[in-house]
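Content type CSV, C-alpha atoms, from the file model15.csv:
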chain,number,residue,atom,x,y,z
A,129,MET,CA,0.0,0.0,0.0
A,130,SER,CA,1.3,3.4,-0.9
A,131,TYR,CA,0.5,7.1,-0.1
A,132,ILE,CA,1.3,10.5,-1.5
A,133,LEU,CA,2.3,13.2,0.9
A,134,LEU,CA,1.5,16.6,-0.7
A,135,SER,CA,2.3,19.9,0.9
A,136,LEU,CA,0.7,23.2,-0.4
A,137,PRO,CA,0.9,26.7,0.9
A,138,GLU,CA,-2.1,27.9,2.8
A,139,SER,CA,-1.9,31.4,1.2
A,140,ASN,CA,-2.2,29.9,-2.3
A,141,SER,CA,-4.6,27.1,-1.8
A,142,ASP,CA,-8.1,26.8,-0.2
A,143,ASN,CA,-8.4,23.6,1.8
A,144,GLU,CA,-12.1,23.0,0.8
A,145,SER,CA,-11.4,23.5,-2.9
A,146,ASN,CA,-8.3,21.2,-2.7
A,147,LEU,CA,-10.3,18.4,-1.2
A,148,ASN,CA,-13.0,18.8,-3.8
A,149,PHE,CA,-10.3,18.7,-6.5
A,150,PHE,CA,-8.8,15.5,-5.1
A,151,GLU,CA,-12.2,13.8,-4.9
A,152,ASN,CA,-13.5,14.9,-8.3
A,153,ASN,CA,-10.4,14.9,-10.5
A,154,LEU,CA,-8.3,12.1,-9.0
A,155,ASN,CA,-11.1,9.5,-8.8
A,156,LEU,CA,-10.5,9.2,-5.1
A,157,ASN,CA,-12.9,8.4,-2.3
A,158,SER,CA,-13.0,10.9,0.5
A,159,LYS,CA,-11.7,8.2,2.8
A,160,ASN,CA,-8.5,8.1,0.8
A,161,ILE,CA,-7.7,11.7,1.7
A,162,ASN,CA,-6.4,12.7,5.1
A,163,LYS,CA,-5.4,16.2,6.0
A,164,ILE,CA,-2.5,16.1,8.4
A,165,ASN,CA,-1.9,18.8,11.0
A,166,LEU,CA,1.7,19.6,11.7
A,167,PRO,CA,3.2,22.0,14.2
A,168,VAL,CA,5.3,25.0,13.0
A,169,PHE,CA,8.9,24.1,13.8
A,170,LYS,CA,11.7,26.4,14.8
A,171,ILE,CA,13.2,27.7,11.6
A,172,GLY,CA,16.9,28.9,11.4
A,173,THR,CA,18.7,30.4,8.5
A,174,LEU,CA,18.4,29.5,4.9
A,175,ASP,CA,21.8,27.8,5.0
A,176,SER,CA,20.7,25.7,8.0
A,177,LEU,CA,17.5,24.7,6.1
A,178,ILE,CA,19.6,23.5,3.1
A,179,LEU,CA,21.8,21.4,5.4
A,180,GLN,CA,18.8,20.0,7.2
A,181,SER,CA,17.2,19.1,3.8
A,182,GLU,CA,20.3,17.1,2.9
A,183,GLU,CA,20.4,15.4,6.3
A,184,LEU,CA,16.7,14.6,6.3
A,185,SER,CA,17.0,13.0,2.8
A,186,LYS,CA,19.8,10.7,4.0
A,187,LEU,CA,18.0,9.8,7.2
A,188,ASP,CA,14.8,9.1,5.3
A,189,ASN,CA,16.6,6.5,3.2
A,190,GLN,CA,18.5,5.1,6.2
A,191,LEU,CA,15.4,4.6,8.3
A,192,ASN,CA,13.6,3.0,5.4
A,193,LEU,CA,16.4,0.4,5.1
A,194,SER,CA,16.3,-0.1,8.9
A,195,ILE,CA,12.5,-0.9,8.8
A,196,ILE,CA,13.1,-3.3,5.9
A,197,LYS,CA,15.9,-5.0,7.9
A,198,SER,CA,13.7,-5.4,10.9
A,199,LEU,CA,11.1,-7.1,8.7
A,200,GLU,CA,13.7,-9.4,7.1
A,201,ILE,CA,14.9,-10.5,10.5
A,202,LEU,CA,11.4,-11.0,11.8
A,203,ASN,CA,10.3,-13.1,8.8
A,204,SER,CA,13.5,-15.1,8.8
A,205,LEU,CA,12.8,-16.1,12.4
A,206,LEU,CA,9.2,-16.9,11.7
A,207,GLY,CA,10.1,-18.7,8.5
A,208,GLU,CA,7.3,-16.9,6.7
A,209,SER,CA,7.1,-14.5,3.7
A,210,THR,CA,7.2,-10.8,4.0
A,211,SER,CA,3.4,-10.7,3.6
A,212,THR,CA,3.1,-11.6,7.2
A,213,ASN,CA,4.1,-8.1,8.3
A,214,ILE,CA,0.5,-7.0,7.7
A,215,ASN,CA,-0.3,-7.9,11.3
A,216,LEU,CA,2.5,-5.7,12.7
A,217,LYS,CA,1.5,-2.6,14.5
A,218,ILE,CA,2.9,0.9,15.0
A,219,ASP,CA,2.5,2.4,18.4
A,220,ASN,CA,-0.2,-0.3,19.1
A,221,GLN,CA,-2.1,0.9,16.1
A,222,LEU,CA,-2.7,-0.7,12.7
A,223,LYS,CA,-0.1,0.6,10.3
A,224,SER,CA,-2.5,2.4,8.0
A,225,SER,CA,-4.4,4.0,10.9
A,226,TYR,CA,-1.2,5.3,12.4
A,227,LEU,CA,-0.1,7.0,9.2
A,228,GLU,CA,-3.5,8.2,8.2
A,229,LYS,CA,-4.2,9.7,11.6
A,230,PHE,CA,-0.7,10.9,12.1
A,231,GLN,CA,-0.1,13.3,14.9
A,232,TRP,CA,3.3,14.8,15.9
A,233,LYS,CA,4.4,13.1,19.1
A,234,ASN,CA,5.3,16.2,21.1
A,235,SER,CA,5.9,14.2,24.3
A,236,ILE,CA,9.0,12.7,22.7
A,237,TYR,CA,9.9,15.0,19.8
A,238,ARG,CA,9.3,18.4,21.5
A,239,ILE,CA,8.7,21.2,19.1
A,240,GLU,CA,10.5,23.6,21.4
A,241,LYS,CA,13.7,22.0,20.1
A,242,SER,CA,15.3,23.2,16.9
A,243,ILE,CA,15.0,21.1,13.8
A,244,ASP,CA,18.7,20.1,14.1
A,245,GLU,CA,18.0,18.8,17.6
A,246,LEU,CA,15.0,16.9,16.4
A,247,ILE,CA,17.0,15.3,13.6
A,248,LYS,CA,19.7,14.3,16.0
A,249,LEU,CA,17.2,12.9,18.5
A,250,ILE,CA,15.4,10.8,16.0
A,251,SER,CA,18.6,9.7,14.3
A,252,ASN,CA,20.3,8.6,17.5
A,253,ASN,CA,17.3,6.7,18.7
A,254,SER,CA,16.7,4.7,15.5
A,255,ILE,CA,20.3,4.0,14.7
A,256,GLN,CA,21.0,2.7,18.2
A,257,LEU,CA,18.0,0.4,18.0
A,258,ASP,CA,18.9,-0.7,14.5
A,259,ASN,CA,22.4,-1.6,15.7
A,260,ASP,CA,21.1,-3.4,18.7
A,261,LEU,CA,18.8,-5.5,16.5
A,262,ARG,CA,21.6,-6.3,14.0
A,263,ASN,CA,24.1,-7.3,16.7
A,264,SER,CA,21.6,-9.5,18.5
A,265,TYR,CA,20.6,-11.2,15.2
A,266,SER,CA,24.3,-11.7,14.4
A,267,ASN,CA,24.8,-13.4,17.8
A,268,TYR,CA,21.7,-15.6,17.2
A,269,ILE,CA,23.0,-16.6,13.7
A,270,ASN,CA,26.4,-17.7,15.3
A,271,ILE,CA,24.6,-19.8,17.9
A,272,LYS,CA,22.3,-21.3,15.3
A,273,ASN,CA,25.3,-22.2,13.1
A,274,ASN,CA,27.1,-23.8,16.1
A,275,LEU,CA,23.9,-25.7,16.8
A,276,ILE,CA,23.7,-26.9,13.2
A,277,ASN,CA,27.3,-28.0,13.3
A,278,LEU,CA,26.6,-30.0,16.5
A,279,LYS,CA,23.5,-31.5,14.9
A,280,ARG,CA,25.6,-32.5,11.9
A,281,LYS,CA,28.2,-34.1,14.2
A,282,GLN,CA,25.5,-36.0,16.0
A,283,ASN,CA,23.8,-37.2,12.8
A,284,GLY,CA,26.8,-37.7,10.6
A,285,ASP,CA,28.8,-40.9,10.0
A,286,LEU,CA,31.5,-42.1,12.3
A,287,SER,CA,34.2,-40.2,10.4
A,288,ILE,CA,32.8,-36.8,11.6
A,289,LYS,CA,30.2,-37.7,14.3
A,290,SER,CA,30.8,-36.5,17.8
A,291,LEU,CA,32.0,-39.4,19.9
A,292,HIS,CA,31.1,-38.4,23.4
A,293,GLU,CA,27.9,-40.4,23.3
A,294,ILE,CA,29.6,-43.4,21.7
A,295,VAL,CA,32.8,-44.1,23.6
A,296,LYS,CA,33.2,-45.3,27.2
A,297,LYS,CA,35.9,-44.9,29.7
A,298,ASP,CA,36.8,-48.6,29.4
A,299,ASP,CA,37.7,-48.0,25.7
A,300,PHE,CA,40.8,-46.0,26.7
A,301,ILE,CA,44.1,-46.6,28.4
A,302,GLN,CA,44.2,-44.3,31.3
A,303,ASN,CA,47.1,-42.6,33.1
A,304,SER,CA,49.9,-44.5,31.2
A,305,ASP,CA,53.3,-42.9,30.7
A,306,TYR,CA,54.0,-45.0,27.6
A,307,LEU,CA,50.8,-46.2,26.0
A,308,LYS,CA,48.0,-44.3,24.3
A,309,THR,CA,44.6,-45.2,22.7
A,310,ILE,CA,44.1,-44.0,19.1
A,311,LEU,CA,40.6,-43.9,17.5
A,312,LEU,CA,40.2,-44.7,13.8
A,313,ALA,CA,37.2,-44.5,11.5
A,314,ILE,CA,37.7,-47.3,9.0
A,315,PRO,CA,35.7,-47.4,5.8
A,316,ASN,CA,33.8,-50.7,5.9
A,317,SER,CA,35.0,-51.6,2.4
A,318,ILE,CA,38.6,-51.9,3.7
A,319,GLU,CA,37.9,-53.1,7.2
A,320,ASN,CA,39.5,-56.5,6.6
A,321,GLU,CA,42.6,-54.8,5.1
A,322,PHE,CA,42.8,-52.7,8.3
A,323,LEU,CA,42.6,-55.7,10.6
A,324,ASN,CA,45.3,-57.5,8.6
A,325,ASN,CA,47.8,-54.6,8.5
A,326,TYR,CA,47.3,-52.2,11.5
A,327,GLU,CA,49.9,-54.0,13.6
A,328,THR,CA,52.7,-53.5,11.1
A,329,ILE,CA,52.2,-50.0,9.6
A,330,SER,CA,54.3,-48.5,12.4
A,331,LYS,CA,56.7,-49.5,15.2
A,332,PHE,CA,55.4,-50.6,18.6
A,333,VAL,CA,51.7,-51.1,17.9
A,334,VAL,CA,50.3,-53.3,20.6
A,335,PRO,CA,49.4,-56.6,18.9
A,336,ARG,CA,45.7,-57.6,18.8
A,337,SER,CA,44.8,-54.3,20.4
A,338,ALA,CA,42.2,-53.3,17.7
A,339,ASN,CA,38.8,-53.1,19.3
A,340,LEU,CA,35.5,-52.4,17.5
A,341,ILE,CA,33.6,-49.7,19.3
A,342,SER,CA,30.8,-48.8,16.9
A,343,LYS,CA,29.7,-49.4,13.3
A,344,ASP,CA,27.4,-47.6,10.8
A,345,ASN,CA,26.7,-47.9,7.1
A,346,GLU,CA,29.9,-46.3,6.0
A,347,PHE,CA,32.5,-46.7,8.8
A,348,SER,CA,33.6,-48.8,11.7
A,349,LEU,CA,35.1,-47.1,14.7
A,350,TYR,CA,38.1,-48.9,16.1
A,351,SER,CA,40.5,-48.2,19.0
A,352,VAL,CA,44.1,-49.2,18.7
A,353,ILE,CA,46.8,-49.0,21.5
A,354,ILE,CA,50.2,-47.7,20.5
A,355,PHE,CA,53.3,-46.4,22.2
A,356,LYS,CA,53.1,-42.7,22.6
A,357,LYS,CA,56.6,-42.2,21.1
A,358,PHE,CA,55.4,-43.4,17.7
A,359,GLU,CA,52.1,-41.7,17.6
A,360,ASN,CA,52.9,-39.3,14.7
A,361,GLU,CA,54.4,-42.1,12.7
A,362,PHE,CA,51.3,-44.3,13.2
A,363,LEU,CA,48.8,-41.4,12.4
A,364,HIS,CA,50.7,-40.6,9.2
A,365,ALA,CA,50.7,-44.2,8.0
A,366,SER,CA,47.0,-44.4,8.9
A,367,ARG,CA,46.1,-41.5,6.7
A,368,GLU,CA,48.1,-43.0,3.8
A,369,ASN,CA,46.0,-46.1,4.2
A,370,LYS,CA,42.8,-44.0,4.2
A,371,TRP,CA,42.0,-44.7,7.8
A,372,ILE,CA,40.6,-41.6,9.4
A,373,PRO,CA,42.1,-40.7,12.9
A,374,ARG,CA,39.6,-39.3,15.3
A,375,ASP,CA,41.2,-36.8,17.6
A,376,PHE,CA,39.6,-37.6,21.0
A,377,THR,CA,41.0,-37.7,24.5
A,378,TYR,CA,38.7,-39.2,27.1
A,379,ASN,CA,38.1,-37.0,30.1
A,380,ASP,CA,35.1,-37.2,32.4
A,381,SER,CA,34.6,-33.4,32.7
A,382,THR,CA,35.0,-33.0,28.9
A,383,ILE,CA,32.5,-35.7,28.2
A,384,ASN,CA,30.0,-34.1,30.5
A,385,LYS,CA,30.6,-30.7,29.0
A,386,LEU,CA,30.1,-32.0,25.5
A,387,LYS,CA,26.9,-33.7,26.6
A,388,ASP,CA,25.6,-30.4,28.1
A,389,GLU,CA,26.8,-28.2,25.2
A,390,PHE,CA,24.0,-29.3,22.8
A,391,ASN,CA,21.3,-28.8,25.3
A,392,ASN,CA,22.7,-25.5,26.4
A,393,LEU,CA,22.8,-24.3,22.8
A,394,LEU,CA,19.2,-25.3,22.3
A,395,ILE,CA,18.2,-23.3,25.3
A,396,ASP,CA,20.3,-20.3,24.2
A,397,GLU,CA,19.0,-20.4,20.7
A,398,ASN,CA,15.4,-20.6,21.8
A,399,ASN,CA,15.8,-17.8,24.4
A,400,LEU,CA,17.7,-15.5,22.0
A,401,LYS,CA,15.2,-16.2,19.2
A,402,ASN,CA,12.3,-15.1,21.5
A,403,ASP,CA,14.3,-12.0,22.5
A,404,ILE,CA,15.0,-11.0,18.9
A,405,LEU,CA,11.3,-11.6,17.9
A,406,ARG,CA,10.3,-9.2,20.6
A,407,LEU,CA,13.1,-6.8,19.7
A,408,SER,CA,12.4,-6.9,15.9
A,409,ARG,CA,8.7,-6.1,16.5
A,410,GLU,CA,9.7,-3.3,18.9
A,411,ALA,CA,12.3,-2.0,16.4
A,412,TYR,CA,9.8,-2.1,13.6
A,413,SER,CA,7.3,0.0,15.6
A,414,ILE,CA,9.8,2.5,17.0
A,415,ILE,CA,11.8,3.0,13.8
A,416,SER,CA,8.6,3.4,11.8
A,417,ILE,CA,7.4,6.1,14.2
A,418,ASP,CA,10.8,7.8,13.8
A,419,TYR,CA,10.6,7.3,10.0
A,420,TYR,CA,7.2,9.0,9.6
A,421,HIS,CA,8.2,11.8,11.9
A,422,ILE,CA,11.3,12.4,9.6
A,423,LYS,CA,9.1,12.2,6.6
A,424,PHE,CA,6.7,14.9,7.8
A,425,LEU,CA,9.6,17.0,9.2
A,426,ARG,CA,11.2,16.7,5.8
A,427,SER,CA,8.0,17.9,4.1
A,428,PHE,CA,8.0,20.9,6.4
A,429,VAL,CA,11.6,21.9,5.7
A,430,GLU,CA,11.1,21.4,1.9
A,431,SER,CA,7.9,23.5,2.1
A,432,VAL,CA,9.8,26.4,3.6
A,433,LEU,CA,12.5,26.1,1.0
A,434,ARG,CA,9.9,25.8,-1.8
A,435,TYR,CA,7.2,28.3,-0.7
A,436,GLY,CA,9.1,30.6,1.7
A,437,LEU,CA,7.6,32.3,4.8
A,438,PRO,CA,5.3,32.4,6.7
A,439,PRO,CA,5.5,28.6,7.3
A,440,ASN,CA,1.8,27.9,7.0
A,441,PHE,CA,1.1,24.8,4.8
A,442,ASN,CA,-1.7,22.3,4.1
A,443,TYR,CA,-0.5,18.7,4.2
A,444,TYR,CA,-2.5,16.0,2.5
A,445,LEU,CA,-2.0,12.3,2.7
A,446,ILE,CA,-3.5,10.6,-0.3
A,447,LYS,CA,-4.0,6.8,-0.2
A,448,ILE,CA,-3.2,5.0,-3.5
A,449,ASP,CA,-5.1,1.7,-3.8
A,450,ASN,CA,-3.7,1.0,-7.3
A,451,ILE,CA,-0.1,2.0,-8.0
A,452,LYS,CA,-1.1,2.5,-11.6
A,453,ASN,CA,-3.0,5.6,-10.5
A,454,LEU,CA,0.2,7.2,-9.3
A,455,ASP,CA,1.2,8.8,-12.6
A,456,LEU,CA,-2.4,10.0,-13.2
A,457,ILE,CA,-2.5,11.6,-9.7
A,458,TYR,CA,0.9,13.2,-10.2
A,459,ASN,CA,0.1,14.7,-13.6
A,460,GLN,CA,-3.3,16.0,-12.5
A,461,CYS,CA,-1.6,17.7,-9.5
A,462,ILE,CA,1.0,19.2,-11.8
A,463,LYS,CA,-1.8,20.7,-14.0
A,464,LYS,CA,-3.7,21.9,-11.0
A,465,PHE,CA,-0.9,23.4,-9.0
A,466,SER,CA,1.6,24.4,-11.6
A,467,TYR,CA,0.9,28.1,-10.9
A,468,LEU,CA,2.9,27.7,-7.6
A,469,ALA,CA,6.1,27.5,-9.7
A,470,GLY,CA,5.5,30.6,-11.7
A,471,ASN,CA,7.2,30.2,-15.1
A,472,ALA,CA,8.7,26.9,-14.2
A,473,PHE,CA,5.6,25.1,-15.2
A,474,SER,CA,2.9,26.5,-17.5
A,475,ILE,CA,0.1,25.1,-19.6
A,476,ASP,CA,-0.2,25.6,-23.4
A,477,ASN,CA,-3.5,26.3,-25.3
A,478,ASN,CA,-4.1,22.5,-25.5
A,479,GLY,CA,-3.8,22.0,-21.8
A,480,ASN,CA,-0.3,20.4,-22.1
A,481,LEU,CA,2.4,21.1,-19.6
A,482,LEU,CA,5.3,23.3,-20.6
A,483,ASN,CA,8.5,23.1,-18.6
A,484,ASP,CA,11.3,25.6,-19.0
A,485,SER,CA,14.4,26.7,-17.1
A,486,LYS,CA,12.9,29.7,-15.4
A,487,LEU,CA,12.6,28.2,-12.0
A,488,ASN,CA,12.1,30.1,-8.8
A,489,ASP,CA,14.9,31.0,-6.3
A,490,TYR,CA,14.8,27.7,-4.5
A,491,SER,CA,14.8,25.3,-7.5
A,492,ASN,CA,18.5,24.6,-7.2
A,493,ILE,CA,18.6,23.8,-3.5
A,494,VAL,CA,15.6,21.5,-2.8
A,495,ASP,CA,16.3,17.8,-2.5
A,496,THR,CA,14.2,16.4,-5.4
A,497,ASN,CA,13.7,17.0,-9.1
A,498,TYR,CA,12.0,20.3,-9.3
A,499,GLU,CA,8.2,20.2,-9.0
A,500,PRO,CA,5.7,23.1,-8.3
A,501,PHE,CA,4.9,21.6,-5.0
A,502,VAL,CA,6.4,19.4,-2.2
A,503,ILE,CA,5.4,15.7,-2.8
A,504,TYR,CA,6.7,12.4,-1.5
A,505,LYS,CA,5.6,8.9,-2.1
A,506,ILE,CA,5.3,6.8,1.1
A,507,ASP,CA,5.2,3.0,1.0
A,508,LEU,CA,3.5,1.4,3.9
A,509,LEU,CA,6.2,-1.2,4.9
Show me the file's structure as structure tokens.
Amino acid sequence: MSYILLSLPESNSDNESNLNFFENNLNLNSKNINKINLPVFKIGTLDSLILQSEELSKLDNQLNLSIIKSLEILNSLLGESTSTNINLKIDNQLKSSYLEKFQWKNSIYRIEKSIDELIKLISNNSIQLDNDLRNSYSNYINIKNNLINLKRKQNGDLSIKSLHEIVKKDDFIQNSDYLKTILLAIPNSIENEFLNNYETISKFVVPRSANLISKDNEFSLYSVIIFKKFENEFLHASRENKWIPRDFTYNDSTINKLKDEFNNLLIDENNLKNDILRLSREAYSIISIDYYHIKFLRSFVESVLRYGLPPNFNYYLIKIDNIKNLDLIYNQCIKKFSYLAGNAFSIDNNGNLLNDSKLNDYSNIVDTNYEPFVIYKIDLL
């Protein structure tokens, strides 16, 4: 759903006639037109207004991207398409209702502050929230990836599978100064070859020490006892024979830690997911509030640059049910309000628009392609 935000000077436009024009010439229902009342903000110098215009344009785009990011995160957690965001609310209101009934939130964005202060306040608030959400989501992804790796190790074959649930203390030589137990994942296709040769591929392998611990469709897990001094030689020879050494040292505390790690990650992932779901909904609402305040503040600043003083303007929010009507509405508004631009826009005898280079004093400093009025398209995200 999209809207057009249109600002017109009070001195050059009658509110009643404007509403009649919107309804009669733009094929709009009166319910699609909302007049927005904005306060008059503290205006500084022309130079400050130009800088504010540039800053507001950047912040407008930045907050738009932040809202989109909050939706992406929310939908990735829910595993649903972006269409699910229709149920999201802004300030505990339906999104469309919030925008169509927009009121400047003076309790937070006090109009006693300068425009620069308002921009800084809104920017800091949204950027901090956006960063918090992104960092939290990044932590969640790391935990999720660790959990996926653990699941892979739990569900993989014996060449990669975590062994803490498979081996027992009795499978290992304990507290020996000379002997060590080595674990090998042997492809089932060469198991007999392994059993015939493991004693001779290296010096000082304990004879008949091979012990079958576990077996799956691809591999057999064996333990072999060797002398520690010749461990590297034995491991090198094992790899040459396509036997896969499994690096594992039995320790009661390590075993218990590995057993708890998966459950702890499950708990951490679930808790963090719930936290981010809450944070992403909160971020969507708060950043949307900031975004629309920036949009209307931007409209005010551009109106001052466009129309000059006094800063008395009519703001209209026009709902567009069909995006195909956007060009029609835009062109009709150009014809109706072209007089606001003086010679910049004029109508020939056939009712066609003429556009020349004789723009008014502000045409080279406003933030959009020059038009005879201030207009913005707002997508309801």
### Query
What separation in Å, quoted to one decimal, exists between atom CA of A:Ile417 and atom CA of A:Asp219?
7.4 Å
### Task
Could you tell me which of A:Leu275, A:Tyr131, A:Leu508, A:Gly172 comes closest to A:Asn398 if we count all atoms listed in the file?
A:Leu275
### Residue with smallest distance to A:Ser242 - pool A:Tyr226, A:Tyr265, A:Phe169, A:Tyr378, counting all atoms listed in the file
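Smallest distance to A:Ser242 is found for A:Phe169.
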### Query
What is the atom CA of A:Asn402 to atom CA of A:Ser198 distance in Å?
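Atom CA of A:Ser198 lies at a distance of 14.4 Å from atom CA of A:Asn402.
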### Pick from A:Ile414, A:Leu147, A:Val168, A:Leu154 nearest to A:Cys461, counting all atoms listed in the file
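Closest to A:Cys461 of all the choices is A:Leu154.
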### Task
Quick one: everything within 9 Å of A:Phe355, counting all atoms listed in the file, minus sequence neighbours fewer than 3 positions away in the same chain. Send it as a list in words.
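In the requested format, the answer is Tyr306, Leu307, Lys308, Thr309, Lys331, Phe332, Val333, Val334, Phe358 and Glu359 of chain A.
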Please complete stretch 137-160 of chain A with N, CA and C atoms and give it back as a tab-separated table (two decimals), keeping the file's coordinate frame.
chain	number	residue	atom	x	y	z
A	137	PRO	N	1.00	25.54	0.08
A	137	PRO	CA	0.90	26.70	0.90
A	137	PRO	C	-0.49	27.16	1.22
A	138	GLU	N	-0.80	27.50	2.45
A	138	GLU	CA	-2.10	27.90	2.80
A	138	GLU	C	-2.53	29.19	2.02
A	139	SER	N	-1.61	30.08	1.82
A	139	SER	CA	-1.90	31.40	1.20
A	139	SER	C	-2.33	31.23	-0.26
A	140	ASN	N	-1.93	30.11	-0.91
A	140	ASN	CA	-2.20	29.90	-2.30
A	140	ASN	C	-3.22	28.81	-2.59
A	141	SER	N	-3.75	28.22	-1.53
A	141	SER	CA	-4.60	27.10	-1.80
A	141	SER	C	-5.71	27.03	-0.69
A	142	ASP	N	-6.93	26.88	-1.13
A	142	ASP	CA	-8.10	26.80	-0.20
A	142	ASP	C	-8.28	25.30	0.10
A	143	ASN	N	-8.35	24.99	1.37
A	143	ASN	CA	-8.40	23.60	1.80
A	143	ASN	C	-9.68	22.90	1.20
A	144	GLU	N	-10.81	23.58	1.24
A	144	GLU	CA	-12.10	23.00	0.80
A	144	GLU	C	-11.99	22.69	-0.73
A	145	SER	N	-11.47	23.67	-1.49
A	145	SER	CA	-11.40	23.50	-2.90
A	145	SER	C	-10.35	22.38	-3.28
A	146	ASN	N	-9.29	22.28	-2.47
A	146	ASN	CA	-8.30	21.20	-2.70
A	146	ASN	C	-8.93	19.85	-2.50
A	147	LEU	N	-9.68	19.69	-1.42
A	147	LEU	CA	-10.30	18.40	-1.20
A	147	LEU	C	-11.30	18.06	-2.27
A	148	ASN	N	-12.05	19.04	-2.74
A	148	ASN	CA	-13.00	18.80	-3.80
A	148	ASN	C	-12.24	18.38	-5.11
A	149	PHE	N	-11.10	19.02	-5.34
A	149	PHE	CA	-10.30	18.70	-6.50
A	149	PHE	C	-9.82	17.22	-6.42
A	150	PHE	N	-9.29	16.84	-5.24
A	150	PHE	CA	-8.80	15.50	-5.10
A	150	PHE	C	-9.88	14.45	-5.32
A	151	GLU	N	-11.06	14.71	-4.81
A	151	GLU	CA	-12.20	13.80	-4.90
A	151	GLU	C	-12.69	13.70	-6.38
A	152	ASN	N	-12.82	14.85	-7.01
A	152	ASN	CA	-13.50	14.90	-8.30
A	152	ASN	C	-12.54	14.62	-9.47
A	153	ASN	N	-11.28	15.01	-9.35
A	153	ASN	CA	-10.40	14.90	-10.50
A	153	ASN	C	-9.42	13.70	-10.40
A	154	LEU	N	-9.24	13.16	-9.21
A	154	LEU	CA	-8.30	12.10	-9.00
A	154	LEU	C	-9.01	10.72	-8.83
A	155	ASN	N	-10.33	10.74	-8.97
A	155	ASN	CA	-11.10	9.50	-8.80
A	155	ASN	C	-10.86	8.86	-7.44
A	156	LEU	N	-10.81	9.71	-6.42
A	156	LEU	CA	-10.50	9.20	-5.10
A	156	LEU	C	-11.74	9.31	-4.20
A	157	ASN	N	-11.89	8.32	-3.35
A	157	ASN	CA	-12.90	8.40	-2.30
A	157	ASN	C	-12.44	9.31	-1.21
A	158	SER	N	-13.35	10.00	-0.57
A	158	SER	CA	-13.00	10.90	0.50
A	158	SER	C	-12.21	10.24	1.61
A	159	LYS	N	-12.45	8.92	1.79
A	159	LYS	CA	-11.70	8.20	2.80
A	159	LYS	C	-10.27	8.01	2.49
A	160	ASN	N	-9.92	8.22	1.22
A	160	ASN	CA	-8.50	8.10	0.80
A	160	ASN	C	-7.72	9.34	1.00
